[in-house]
file start-v1.pdb (PDB, C-alpha atoms)
ATOM      1  CA  MET P   1     100.020  90.914 -29.008  1.00  0.00           C
ATOM      2  CA  TRP P   2      97.061  92.314 -30.888  1.00  0.00           C
ATOM      3  CA  ALA P   3      94.886  90.089 -32.990  1.00  0.00           C
ATOM      4  CA  ALA P   4      96.758  88.673 -35.968  1.00  0.00           C
ATOM      5  CA  LYS P   5     100.419  88.948 -35.036  1.00  0.00           C
ATOM      6  CA  GLY P   6     100.597  92.474 -33.664  1.00  0.00           C
ATOM      7  CA  TRP P   7      99.184  95.874 -34.450  1.00  0.00           C
ATOM      8  CA  TRP P   8     102.490  97.447 -35.496  1.00  0.00           C
ATOM      9  CA  GLU P   9     103.327  94.527 -37.794  1.00  0.00           C
ATOM     10  CA  ARG P  10     100.094  94.956 -39.695  1.00  0.00           C
ATOM     11  CA  LYS P  11     100.491  98.724 -39.860  1.00  0.00           C
ATOM     12  CA  GLY P  12     104.162  98.581 -40.816  1.00  0.00           C
ATOM     13  CA  LYS P  13     105.172 100.694 -37.805  1.00  0.00           C
ATOM     14  CA  GLN P  14     107.787  99.871 -35.216  1.00  0.00           C
ATOM     15  CA  PRO P  15     107.296 100.230 -31.449  1.00  0.00           C
ATOM     16  CA  GLY P  16     109.585 103.265 -31.316  1.00  0.00           C
ATOM     17  CA  ASN P  17     107.476 105.175 -33.805  1.00  0.00           C
ATOM     18  CA  GLU P  18     105.660 108.210 -32.380  1.00  0.00           C
ATOM     19  CA  ASN P  19     102.432 107.254 -34.146  1.00  0.00           C
ATOM     20  CA  PHE P  20     102.617 103.846 -32.502  1.00  0.00           C
ATOM     21  CA  THR P  21     103.056 105.246 -29.007  1.00  0.00           C
ATOM     22  CA  LYS P  22     100.242 107.773 -29.360  1.00  0.00           C
ATOM     23  CA  ALA P  23      97.720 105.359 -30.864  1.00  0.00           C
ATOM     24  CA  ASN P  24      98.416 102.468 -28.530  1.00  0.00           C
ATOM     25  CA  GLY P  25      98.872 104.665 -25.491  1.00  0.00           C
ATOM     26  CA  LYS P  26      95.472 106.189 -26.054  1.00  0.00           C
ATOM     27  CA  ARG P  27      93.930 102.778 -26.730  1.00  0.00           C
ATOM     28  CA  TRP P  28      95.263 101.138 -23.568  1.00  0.00           C
ATOM     29  CA  ALA P  29      94.752 104.216 -21.383  1.00  0.00           C
ATOM     30  CA  THR P  30      91.055 104.301 -22.248  1.00  0.00           C
ATOM     31  CA  PHE P  31      90.584 100.567 -21.651  1.00  0.00           C
ATOM     32  CA  ALA P  32      88.969 101.151 -18.257  1.00  0.00           C
ATOM     33  CA  GLU P  33      86.479 103.558 -19.814  1.00  0.00           C
ATOM     34  CA  LEU P  34      85.511 101.006 -22.445  1.00  0.00           C
ATOM     35  CA  THR P  35      84.850  98.255 -19.959  1.00  0.00           C
ATOM     36  CA  VAL P  36      82.412  99.996 -17.647  1.00  0.00           C
ATOM     37  CA  THR P  37      79.105  98.138 -17.861  1.00  0.00           C
ATOM     38  CA  SER P  38      76.416 100.329 -19.400  1.00  0.00           C
ATOM     39  CA  LYS P  39      72.938  99.020 -20.109  1.00  0.00           C
ATOM     40  CA  GLY P  40      69.988 101.220 -20.867  1.00  0.00           C
ATOM     41  CA  GLY P  41      69.603 104.981 -20.950  1.00  0.00           C
ATOM     42  CA  THR P  42      71.680 105.420 -24.106  1.00  0.00           C
ATOM     43  CA  SER P  43      70.993 104.529 -27.711  1.00  0.00           C
ATOM     44  CA  VAL P  44      72.681 101.307 -28.768  1.00  0.00           C
ATOM     45  CA  HIS P  45      74.171 103.212 -31.707  1.00  0.00           C
ATOM     46  CA  SER P  46      75.946 105.779 -29.540  1.00  0.00           C
ATOM     47  CA  TYR P  47      78.377 103.781 -27.418  1.00  0.00           C
ATOM     48  CA  MET P  48      81.125 101.208 -27.533  1.00  0.00           C
ATOM     49  CA  LEU P  49      80.545  97.524 -26.975  1.00  0.00           C
ATOM     50  CA  VAL P  50      82.926  95.258 -25.092  1.00  0.00           C
ATOM     51  CA  ILE P  51      82.537  91.501 -25.367  1.00  0.00           C
ATOM     52  CA  ARG P  52      84.388  88.254 -24.878  1.00  0.00           C
ATOM     53  CA  GLY P  53      83.921  85.993 -27.869  1.00  0.00           C
ATOM     54  CA  LYS P  54      85.405  83.954 -30.677  1.00  0.00           C
ATOM     55  CA  ALA P  55      85.089  84.053 -34.450  1.00  0.00           C
ATOM     56  CA  VAL P  56      83.396  80.998 -35.917  1.00  0.00           C
ATOM     57  CA  SER P  57      83.641  81.931 -39.604  1.00  0.00           C
ATOM     58  CA  ALA P  58      84.436  84.839 -41.920  1.00  0.00           C
ATOM     59  CA  LYS P  59      83.314  85.958 -45.367  1.00  0.00           C
ATOM     60  CA  GLU P  60      83.410  89.062 -47.547  1.00  0.00           C
ATOM     61  CA  VAL P  61      80.085  90.835 -47.939  1.00  0.00           C
ATOM     62  CA  ASP P  62      78.737  93.893 -49.755  1.00  0.00           C
ATOM     63  CA  SER P  63      77.973  96.870 -47.541  1.00  0.00           C
ATOM     64  CA  GLY P  64      76.363  99.398 -49.843  1.00  0.00           C
ATOM     65  CA  ASN P  65      78.118 101.766 -52.258  1.00  0.00           C
ATOM     66  CA  ASP P  66      80.465 104.701 -51.904  1.00  0.00           C
ATOM     67  CA  ILE P  67      79.695 108.180 -53.266  1.00  0.00           C
ATOM     68  CA  TYR P  68      80.910 107.077 -56.713  1.00  0.00           C
ATOM     69  CA  GLY P  69      78.656 104.042 -56.829  1.00  0.00           C
ATOM     70  CA  ASN P  70      81.406 101.516 -56.201  1.00  0.00           C
ATOM     71  CA  PRO P  71      80.530  98.614 -53.908  1.00  0.00           C
ATOM     72  CA  ILE P  72      81.892  98.721 -50.377  1.00  0.00           C
ATOM     73  CA  LYS P  73      83.265  95.427 -49.150  1.00  0.00           C
ATOM     74  CA  ARG P  74      83.533  94.357 -45.525  1.00  0.00           C
ATOM     75  CA  ILE P  75      84.565  91.191 -43.739  1.00  0.00           C
ATOM     76  CA  GLN P  76      81.741  89.631 -41.739  1.00  0.00           C
ATOM     77  CA  TYR P  77      82.747  87.467 -38.797  1.00  0.00           C
ATOM     78  CA  GLU P  78      80.163  85.159 -37.311  1.00  0.00           C
ATOM     79  CA  ILE P  79      80.707  85.437 -33.563  1.00  0.00           C
ATOM     80  CA  LYS P  80      80.093  83.130 -30.646  1.00  0.00           C
ATOM     81  CA  GLN P  81      79.642  85.570 -27.780  1.00  0.00           C
ATOM     82  CA  ILE P  82      80.751  84.283 -24.402  1.00  0.00           C
ATOM     83  CA  LYS P  83      80.056  87.375 -22.302  1.00  0.00           C
ATOM     84  CA  MET P  84      78.894  90.957 -22.746  1.00  0.00           C
ATOM     85  CA  PHE P  85      80.844  93.390 -20.546  1.00  0.00           C
ATOM     86  CA  LYS P  86      79.387  96.575 -21.975  1.00  0.00           C
ATOM     87  CA  GLY P  87      76.385  96.750 -24.253  1.00  0.00           C
ATOM     88  CA  PRO P  88      72.747  95.693 -24.654  1.00  0.00           C
ATOM     89  CA  ASP P  89      71.141  92.474 -23.432  1.00  0.00           C
ATOM     90  CA  GLN P  90      71.133  91.176 -27.007  1.00  0.00           C
ATOM     91  CA  ASP P  91      74.059  88.933 -27.995  1.00  0.00           C
ATOM     92  CA  ILE P  92      76.418  90.016 -30.748  1.00  0.00           C
ATOM     93  CA  GLU P  93      76.096  87.619 -33.684  1.00  0.00           C
ATOM     94  CA  PHE P  94      78.193  89.367 -36.332  1.00  0.00           C
ATOM     95  CA  ILE P  95      81.257  91.609 -36.299  1.00  0.00           C
ATOM     96  CA  TYR P  96      82.194  93.679 -39.363  1.00  0.00           C
ATOM     97  CA  THR P  97      85.527  95.164 -40.326  1.00  0.00           C
ATOM     98  CA  ALA P  98      87.311  96.541 -43.386  1.00  0.00           C
ATOM     99  CA  PRO P  99      88.763  93.939 -45.786  1.00  0.00           C
ATOM    100  CA  SER P 100      92.441  94.712 -45.076  1.00  0.00           C
ATOM    101  CA  SER P 101      94.703  96.348 -42.503  1.00  0.00           C
ATOM    102  CA  ALA P 102      95.508  99.057 -45.070  1.00  0.00           C
ATOM    103  CA  VAL P 103      92.025 100.440 -44.404  1.00  0.00           C
ATOM    104  CA  CYS P 104      92.057  99.592 -40.680  1.00  0.00           C
ATOM    105  CA  GLY P 105      90.556  96.115 -41.002  1.00  0.00           C
ATOM    106  CA  VAL P 106      91.153  93.605 -38.203  1.00  0.00           C
ATOM    107  CA  THR P 107      92.049  89.952 -38.731  1.00  0.00           C
ATOM    108  CA  LEU P 108      90.634  87.441 -36.239  1.00  0.00           C
ATOM    109  CA  ASP P 109      91.440  83.748 -36.084  1.00  0.00           C
ATOM    110  CA  VAL P 110      88.394  81.755 -37.161  1.00  0.00           C
ATOM    111  CA  GLY P 111      87.317  78.257 -36.259  1.00  0.00           C
ATOM    112  CA  GLY P 112      86.080  79.059 -32.764  1.00  0.00           C
ATOM    113  CA  LYS P 113      89.267  78.086 -30.931  1.00  0.00           C
ATOM    114  CA  LYS P 114      90.766  81.479 -30.025  1.00  0.00           C
ATOM    115  CA  GLU P 115      88.884  83.756 -27.630  1.00  0.00           C
ATOM    116  CA  TYR P 116      89.227  87.532 -27.713  1.00  0.00           C
ATOM    117  CA  LEU P 117      88.309  90.547 -25.675  1.00  0.00           C
ATOM    118  CA  ILE P 118      86.805  92.819 -28.314  1.00  0.00           C
ATOM    119  CA  SER P 119      85.713  96.447 -28.163  1.00  0.00           C
ATOM    120  CA  GLY P 120      83.968  98.136 -31.057  1.00  0.00           C
ATOM    121  CA  LYS P 121      81.108 100.312 -32.205  1.00  0.00           C
ATOM    122  CA  ALA P 122      77.525  99.095 -31.945  1.00  0.00           C
ATOM    123  CA  GLU P 123      75.578  98.838 -35.187  1.00  0.00           C
ATOM    124  CA  GLY P 124      72.380  97.460 -33.651  1.00  0.00           C
ATOM    125  CA  ASN P 125      70.510  94.204 -34.270  1.00  0.00           C
ATOM    126  CA  GLY P 126      73.292  92.033 -32.872  1.00  0.00           C
ATOM    127  CA  LYS P 127      76.051  93.619 -34.976  1.00  0.00           C
ATOM    128  CA  MET P 128      79.187  95.634 -34.240  1.00  0.00           C
ATOM    129  CA  HIS P 129      82.038  97.166 -36.238  1.00  0.00           C
ATOM    130  CA  ILE P 130      85.742  97.008 -35.311  1.00  0.00           C
ATOM    131  CA  THR P 131      88.887  98.755 -36.559  1.00  0.00           C
ATOM    132  CA  LEU P 132      92.586  98.734 -35.719  1.00  0.00           C
ATOM    133  CA  CYS P 133      91.933 101.618 -33.311  1.00  0.00           C
ATOM    134  CA  ASP P 134      89.703  99.448 -31.106  1.00  0.00           C
ATOM    135  CA  PHE P 135      90.979  97.413 -28.187  1.00  0.00           C
ATOM    136  CA  ILE P 136      91.153  93.796 -29.379  1.00  0.00           C
ATOM    137  CA  ILE P 137      93.362  91.277 -27.606  1.00  0.00           C
ATOM    138  CA  PRO P 138      93.435  87.485 -27.155  1.00  0.00           C
ATOM    139  CA  TRP P 139      91.670  86.578 -23.914  1.00  0.00           C
ATOM    140  CA  ASP P 140      94.602  84.454 -22.745  1.00  0.00           C
ATOM    141  CA  SER P 141      96.881  87.514 -22.969  1.00  0.00           C
ATOM    142  CA  LEU P 142      94.971  89.228 -20.153  1.00  0.00           C
ATOM    143  CA  SER P 143      96.152  88.856 -16.577  1.00  0.00           C
ATOM    144  CA  SER P 144      93.860  87.437 -13.879  1.00  0.00           C
ATOM    145  CA  THR P 145      93.511  90.955 -12.470  1.00  0.00           C
ATOM    146  CA  GLN P 146      92.370  92.326 -15.832  1.00  0.00           C
ATOM    147  CA  LYS P 147      89.838  89.547 -16.294  1.00  0.00           C
ATOM    148  CA  LYS P 148      88.325  90.029 -12.852  1.00  0.00           C
ATOM    149  CA  SER P 149      88.397  93.815 -13.140  1.00  0.00           C
ATOM    150  CA  LEU P 150      86.195  93.646 -16.231  1.00  0.00           C
ATOM    151  CA  ASN P 151      83.273  92.635 -14.023  1.00  0.00           C
ATOM    152  CA  GLN P 152      83.618  95.247 -11.307  1.00  0.00           C
ATOM    153  CA  ARG P 153      86.936  96.964 -10.641  1.00  0.00           C
ATOM    154  CA  TYR P 154      87.063  99.119 -13.786  1.00  0.00           C
ATOM    155  CA  GLN P 155      83.531 100.300 -13.064  1.00  0.00           C
ATOM    156  CA  MET P 156      84.817 101.978  -9.910  1.00  0.00           C
ATOM    157  CA  GLY P 157      86.914 104.270 -12.086  1.00  0.00           C
ATOM    158  CA  CYS P 158      84.306 105.442 -14.545  1.00  0.00           C
ATOM    159  CA  GLU P 159      84.589 109.014 -13.221  1.00  0.00           C
ATOM    160  CA  CYS P 160      88.379 108.976 -13.378  1.00  0.00           C
ATOM    161  CA  LYS P 161      90.611 110.033 -16.244  1.00  0.00           C
ATOM    162  CA  ILE P 162      93.656 108.007 -17.282  1.00  0.00           C
ATOM    163  CA  SER P 163      96.351 110.210 -18.794  1.00  0.00           C
ATOM    164  CA  ARG P 164      99.329 108.938 -20.797  1.00  0.00           C
ATOM    165  CA  CYS P 165     102.738 109.882 -19.463  1.00  0.00           C
ATOM    166  CA  PRO P 166     104.776 110.937 -22.535  1.00  0.00           C
ATOM    167  CA  SER P 167     108.131 111.240 -20.724  1.00  0.00           C
ATOM    168  CA  ILE P 168     109.647 111.239 -17.251  1.00  0.00           C
ATOM    169  CA  PRO P 169     108.956 113.265 -15.172  1.00  0.00           C
ATOM    170  CA  CYS P 170     105.209 113.672 -15.659  1.00  0.00           C
ATOM    171  CA  TYR P 171     102.481 114.854 -13.342  1.00  0.00           C
ATOM    172  CA  VAL P 172      98.727 114.751 -12.937  1.00  0.00           C
ATOM    173  CA  SER P 173      96.901 117.992 -13.644  1.00  0.00           C
ATOM    174  CA  ALA P 174      93.812 117.194 -11.564  1.00  0.00           C
ATOM    175  CA  GLN P 175      92.953 114.947  -8.621  1.00  0.00           C
ATOM    176  CA  ASP P 176      90.708 112.738 -10.736  1.00  0.00           C
ATOM    177  CA  GLU P 177      93.614 111.596 -12.957  1.00  0.00           C
ATOM    178  CA  CYS P 178      95.748 108.463 -12.933  1.00  0.00           C
ATOM    179  CA  LEU P 179      99.017 108.499 -14.881  1.00  0.00           C
ATOM    180  CA  TRP P 180      99.582 105.576 -17.248  1.00  0.00           C
ATOM    181  CA  THR P 181     103.343 104.979 -17.450  1.00  0.00           C
ATOM    182  CA  ASP P 182     103.834 101.487 -18.917  1.00  0.00           C
ATOM    183  CA  TRP P 183     105.066 102.695 -22.282  1.00  0.00           C
ATOM    184  CA  VAL P 184     107.519 105.268 -21.004  1.00  0.00           C
ATOM    185  CA  THR P 185     108.967 102.959 -18.300  1.00  0.00           C
ATOM    186  CA  GLU P 186     108.770  99.532 -19.964  1.00  0.00           C
ATOM    187  CA  LYS P 187     108.237 100.257 -23.677  1.00  0.00           C
ATOM    188  CA  ASN P 188     105.264  97.933 -23.388  1.00  0.00           C
ATOM    189  CA  ILE P 189     101.575  98.801 -23.667  1.00  0.00           C
ATOM    190  CA  ASN P 190     100.643  95.727 -21.632  1.00  0.00           C
ATOM    191  CA  GLY P 191     103.062  96.302 -18.777  1.00  0.00           C
ATOM    192  CA  ARG P 192     102.895  95.992 -15.010  1.00  0.00           C
ATOM    193  CA  GLN P 193     100.433  98.836 -14.539  1.00  0.00           C
ATOM    194  CA  ALA P 194      98.020  97.616 -17.198  1.00  0.00           C
ATOM    195  CA  LYS P 195      98.164  93.998 -16.030  1.00  0.00           C
ATOM    196  CA  HIS P 196      97.848  94.451 -12.298  1.00  0.00           C
ATOM    197  CA  TYR P 197      96.282  97.826 -11.494  1.00  0.00           C
ATOM    198  CA  ALA P 198      92.965  99.639 -11.905  1.00  0.00           C
ATOM    199  CA  CYS P 199      92.343 103.360 -11.547  1.00  0.00           C
ATOM    200  CA  ILE P 200      89.496 103.835  -9.074  1.00  0.00           C
ATOM    201  CA  LYS P 201      87.782 106.764  -7.363  1.00  0.00           C
ATOM    202  CA  ARG P 202      88.274 107.267  -3.637  1.00  0.00           C
ATOM    203  CA  SER P 203      85.979 108.797  -1.024  1.00  0.00           C
ATOM    204  CA  ASP P 204      87.510 112.278  -1.297  1.00  0.00           C
ATOM    205  CA  GLY P 205      86.928 112.387  -5.069  1.00  0.00           C
ATOM    206  CA  SER P 206      90.541 111.716  -6.013  1.00  0.00           C
ATOM    207  CA  CYS P 207      91.585 108.796  -8.208  1.00  0.00           C
ATOM    208  CA  ALA P 208      94.434 106.381  -7.592  1.00  0.00           C
ATOM    209  CA  TRP P 209      95.860 103.121  -8.878  1.00  0.00           C
ATOM    210  CA  TYR P 210      94.709 100.071  -6.946  1.00  0.00           C
ATOM    211  CA  ARG P 211      96.411  96.696  -7.216  1.00  0.00           C
ATOM    212  CA  GLY P 212      94.712  93.347  -6.750  1.00  0.00           C
ATOM    213  CA  VAL P 213      91.549  91.441  -7.575  1.00  0.00           C
ATOM    214  CA  ALA P 214      89.973  91.713  -4.117  1.00  0.00           C
ATOM    215  CA  PRO P 215      87.642  94.678  -3.440  1.00  0.00           C
ATOM    216  CA  PRO P 216      89.551  97.722  -2.155  1.00  0.00           C
ATOM    217  CA  LYS P 217      89.578  98.030   1.617  1.00  0.00           C
ATOM    218  CA  GLN P 218      87.748 100.985   3.140  1.00  0.00           C
ATOM    219  CA  GLU P 219      91.044 102.405   4.415  1.00  0.00           C
ATOM    220  CA  PHE P 220      92.231 102.769   0.793  1.00  0.00           C
ATOM    221  CA  LEU P 221      88.996 104.417  -0.333  1.00  0.00           C
ATOM    222  CA  ASP P 222      89.076 106.829   2.619  1.00  0.00           C
ATOM    223  CA  ILE P 223      92.661 107.992   2.043  1.00  0.00           C
ATOM    224  CA  GLU P 224      92.955 111.704   1.343  1.00  0.00           C
ATOM    225  CA  ASP P 225      95.901 113.026  -0.603  1.00  0.00           C
ATOM    226  CA  PRO P 226      97.842 115.825   1.125  1.00  0.00           C
TER     227      PRO P 226
END
call {"tool": "encode", "arguments": {"input": "start-v1.pdb", "output": "C-alpha cells"}}
result
Amino acid sequence: MWAAKGWWERKGKQPGNENFTKANGKRWATFAELTVTSKGGTSVHSYMLVIRGKAVSAKEVDSGNDIYGNPIKRIQYEIKQIKMFKGPDQDIEFIYTAPSSAVCGVTLDVGGKKEYLISGKAEGNGKMHITLCDFIIPWDSLSSTQKKSLNQRYQMGCECKISRCPSIPCYVSAQDECLWTDWVTEKNINGRQAKHYACIKRSDGSCAWYRGVAPPKQEFLDIEDP
C-alpha cells in the first residue's frame, strides 16, 4: 500500500503490532492537515509540502558529515512534479531520503511511470526530505473523493482535529473533533472513512464527517449538534 511494497513489510512489523497502529493511525489521521493549501506567510523551511509527482531517477549522494566526521549518505530522487497541493510556487526538483528503510528511508519506483502523492519536509530551493513517517502513497491507490478533496474539501477542515479511535466505544472530547475509526473497525488505514469522507467545519463551529466530492450543501453546514 505504501511506496515499495508496504510500510510494515519494510519495517518488519505486522498490522496487528501496536507500533504499526499508532504510527499509521497518526499518519492517516493527519492527512487532512497535511493537504491544506498554504502559500506565503510562513517560512518554506517550517512546514510540510504535499505534491503529486513521479521519480525520474535516483542516486546516492553525500550530505555532509556526522559529529564524528563520517560522511552522511542520502538517496536523491529527481522528481517530475505534476501538482503542488501545499507548498511554495517553486516546483520540487529533488527529493532526499535516507539510504535504507532501517534508517527510515523511503523507496520510490523510478523511471517516471508511477505517480505518488508525497508529503515531506521542505528544504528550500526546490528540495524536500521524506521519511517512513511521511504520508506517501501511489496516486492510483487514492479514491476519486480523496483526489478531489485535495484541491478543496480538506481545506474546509483545517480548523478541525482528527482523533484516532483506539477501541470501541470511543468518543470525541470537543466539538471540533472527528473520530477516525478505519483501523479499529476494518483493520485498514485506507478504509471507508479515509477513502470517502472529509472532516469539515460547520457553521456552528463543530466538525463532522462529510461524504462526497460535491461541495457540502448549506443545510449540512448549518446543522447544529444537540
call {"tool": "closest_residue", "arguments": {"input": "start-v1.pdb", "among": "P:Tyr77, P:Trp180, P:Tyr116, P:Trp209", "to": "Lys147 in chain P", "atoms": "all atoms listed in the file"}}
result
P:Tyr116
call {"tool": "residues_around", "arguments": {"input": "start-v1.pdb", "residues": "range 122-131 of chain P", "least_positions_apart": "5", "cutoff": "7 Å", "atoms": "all atoms listed in the file", "output": "PDB file with C-alpha atoms, in the coordinates of the input"}}
result
ATOM      1  CA  VAL P  44      72.681 101.307 -28.768  1.00  0.00           C
ATOM      2  CA  HIS P  45      74.171 103.212 -31.707  1.00  0.00           C
ATOM      3  CA  TYR P  47      78.377 103.781 -27.418  1.00  0.00           C
ATOM      4  CA  MET P  48      81.125 101.208 -27.533  1.00  0.00           C
ATOM      5  CA  LEU P  49      80.545  97.524 -26.975  1.00  0.00           C
ATOM      6  CA  GLN P  90      71.133  91.176 -27.007  1.00  0.00           C
ATOM      7  CA  ASP P  91      74.059  88.933 -27.995  1.00  0.00           C
ATOM      8  CA  ILE P  92      76.418  90.016 -30.748  1.00  0.00           C
ATOM      9  CA  GLU P  93      76.096  87.619 -33.684  1.00  0.00           C
ATOM     10  CA  PHE P  94      78.193  89.367 -36.332  1.00  0.00           C
ATOM     11  CA  ILE P  95      81.257  91.609 -36.299  1.00  0.00           C
ATOM     12  CA  TYR P  96      82.194  93.679 -39.363  1.00  0.00           C
ATOM     13  CA  THR P  97      85.527  95.164 -40.326  1.00  0.00           C
ATOM     14  CA  CYS P 104      92.057  99.592 -40.680  1.00  0.00           C
ATOM     15  CA  GLY P 105      90.556  96.115 -41.002  1.00  0.00           C
ATOM     16  CA  VAL P 106      91.153  93.605 -38.203  1.00  0.00           C
TER      17      VAL P 106
END
call {"tool": "closest_residue", "arguments": {"input": "start-v1.pdb", "among": "P:Arg192, P:Arg211, P:Lys161, P:Lys83", "to": "Glu115 in chain P", "atoms": "all atoms listed in the file"}}
result
P:Lys83
call {"tool": "axis_aligned_box", "arguments": {"input": "start-v1.pdb", "around": "range 69-88 of chain P", "padding_each_side": "5 Å", "output": "JSON"}}
result
{"center_x": 78.7, "center_y": 93.6, "center_z": -38.7, "size_x": 21.8, "size_y": 30.9, "size_z": 46.3}
call {"tool": "atom_distance", "arguments": {"input": "start-v1.pdb", "atom1": "CA of Tyr210 in chain P", "atom2": "CA of Ile82 in chain P"}}
result
27.4 Å
call {"tool": "atom_distance", "arguments": {"input": "start-v1.pdb", "atom1": "CA of Ser206 in chain P", "atom2": "CA of Ser167 in chain P"}}
result
22.9 Å
call {"tool": "closest_residue", "arguments": {"input": "start-v1.pdb", "among": "P:Val172, P:Cys178, P:Cys133, P:Ala55", "to": "Ala194 in chain P", "atoms": "only C-alpha atoms"}}
result
P:Cys178
call {"tool": "atom_distance", "arguments": {"input": "start-v1.pdb", "atom1": "CA of Cys207 in chain P", "atom2": "CA of Cys158 in chain P"}}
result
10.2 Å
call {"tool": "closest_residue", "arguments": {"input": "start-v1.pdb", "among": "P:Asp134, P:Ala98, P:Pro88, P:Gly157", "to": "Asp62 in chain P", "atoms": "all atoms listed in the file"}}
result
P:Ala98
call {"tool": "closest_residue", "arguments": {"input": "start-v1.pdb", "among": "P:Asn70, P:Asn65, P:Ser57, P:Ser203", "to": "Lys113 in chain P", "atoms": "all atoms listed in the file"}}
result
P:Ser57
call {"tool": "closest_residue", "arguments": {"input": "start-v1.pdb", "among": "P:Gln193, P:Ser144, P:Gln81, P:Ser100", "to": "Glu60 in chain P", "atoms": "only C-alpha atoms"}}
result
P:Ser100
call {"tool": "resolve_selection", "arguments": {"input": "start-v1.pdb", "expression": "the PyMOL selection byres ((chain P and resi 165) around 10)", "output": "PDB file with C-alpha atoms, in the coordinates of the input"}}
result
ATOM      1  CA  GLY P  25      98.872 104.665 -25.491  1.00  0.00           C
ATOM      2  CA  ALA P  29      94.752 104.216 -21.383  1.00  0.00           C
ATOM      3  CA  ILE P 162      93.656 108.007 -17.282  1.00  0.00           C
ATOM      4  CA  SER P 163      96.351 110.210 -18.794  1.00  0.00           C
ATOM      5  CA  ARG P 164      99.329 108.938 -20.797  1.00  0.00           C
ATOM      6  CA  PRO P 166     104.776 110.937 -22.535  1.00  0.00           C
ATOM      7  CA  SER P 167     108.131 111.240 -20.724  1.00  0.00           C
ATOM      8  CA  ILE P 168     109.647 111.239 -17.251  1.00  0.00           C
ATOM      9  CA  PRO P 169     108.956 113.265 -15.172  1.00  0.00           C
ATOM     10  CA  CYS P 170     105.209 113.672 -15.659  1.00  0.00           C
ATOM     11  CA  TYR P 171     102.481 114.854 -13.342  1.00  0.00           C
ATOM     12  CA  VAL P 172      98.727 114.751 -12.937  1.00  0.00           C
ATOM     13  CA  CYS P 178      95.748 108.463 -12.933  1.00  0.00           C
ATOM     14  CA  LEU P 179      99.017 108.499 -14.881  1.00  0.00           C
ATOM     15  CA  TRP P 180      99.582 105.576 -17.248  1.00  0.00           C
ATOM     16  CA  THR P 181     103.343 104.979 -17.450  1.00  0.00           C
ATOM     17  CA  ASP P 182     103.834 101.487 -18.917  1.00  0.00           C
ATOM     18  CA  TRP P 183     105.066 102.695 -22.282  1.00  0.00           C
ATOM     19  CA  VAL P 184     107.519 105.268 -21.004  1.00  0.00           C
ATOM     20  CA  THR P 185     108.967 102.959 -18.300  1.00  0.00           C
TER      21      THR P 185
END
call {"tool": "resolve_selection", "arguments": {"input": "start-v1.pdb", "expression": "the PyMOL selection byres ((chain P and resi 80) around 6)", "output": "list in words"}}
result
Gly53, Lys54, Ile79 and Gln81 of chain P
call {"tool": "write_last_selection", "arguments": {"input": "start-v1.pdb", "atoms": "C-alpha atoms", "output": "PDB file, keeping the file's coordinate frame"}}
result
ATOM      1  CA  GLY P  53      83.921  85.993 -27.869  1.00  0.00           C
ATOM      2  CA  LYS P  54      85.405  83.954 -30.677  1.00  0.00           C
ATOM      3  CA  ILE P  79      80.707  85.437 -33.563  1.00  0.00           C
ATOM      4  CA  GLN P  81      79.642  85.570 -27.780  1.00  0.00           C
TER       5      GLN P  81
END
call {"tool": "resolve_selection", "arguments": {"input": "start-v1.pdb", "expression": "the PyMOL selection byres ((chain P and resi 84) around 7)", "output": "list in words"}}
result
Val50, Ile51, Arg52, Lys83, Phe85, Lys86 and Gly87 of chain P
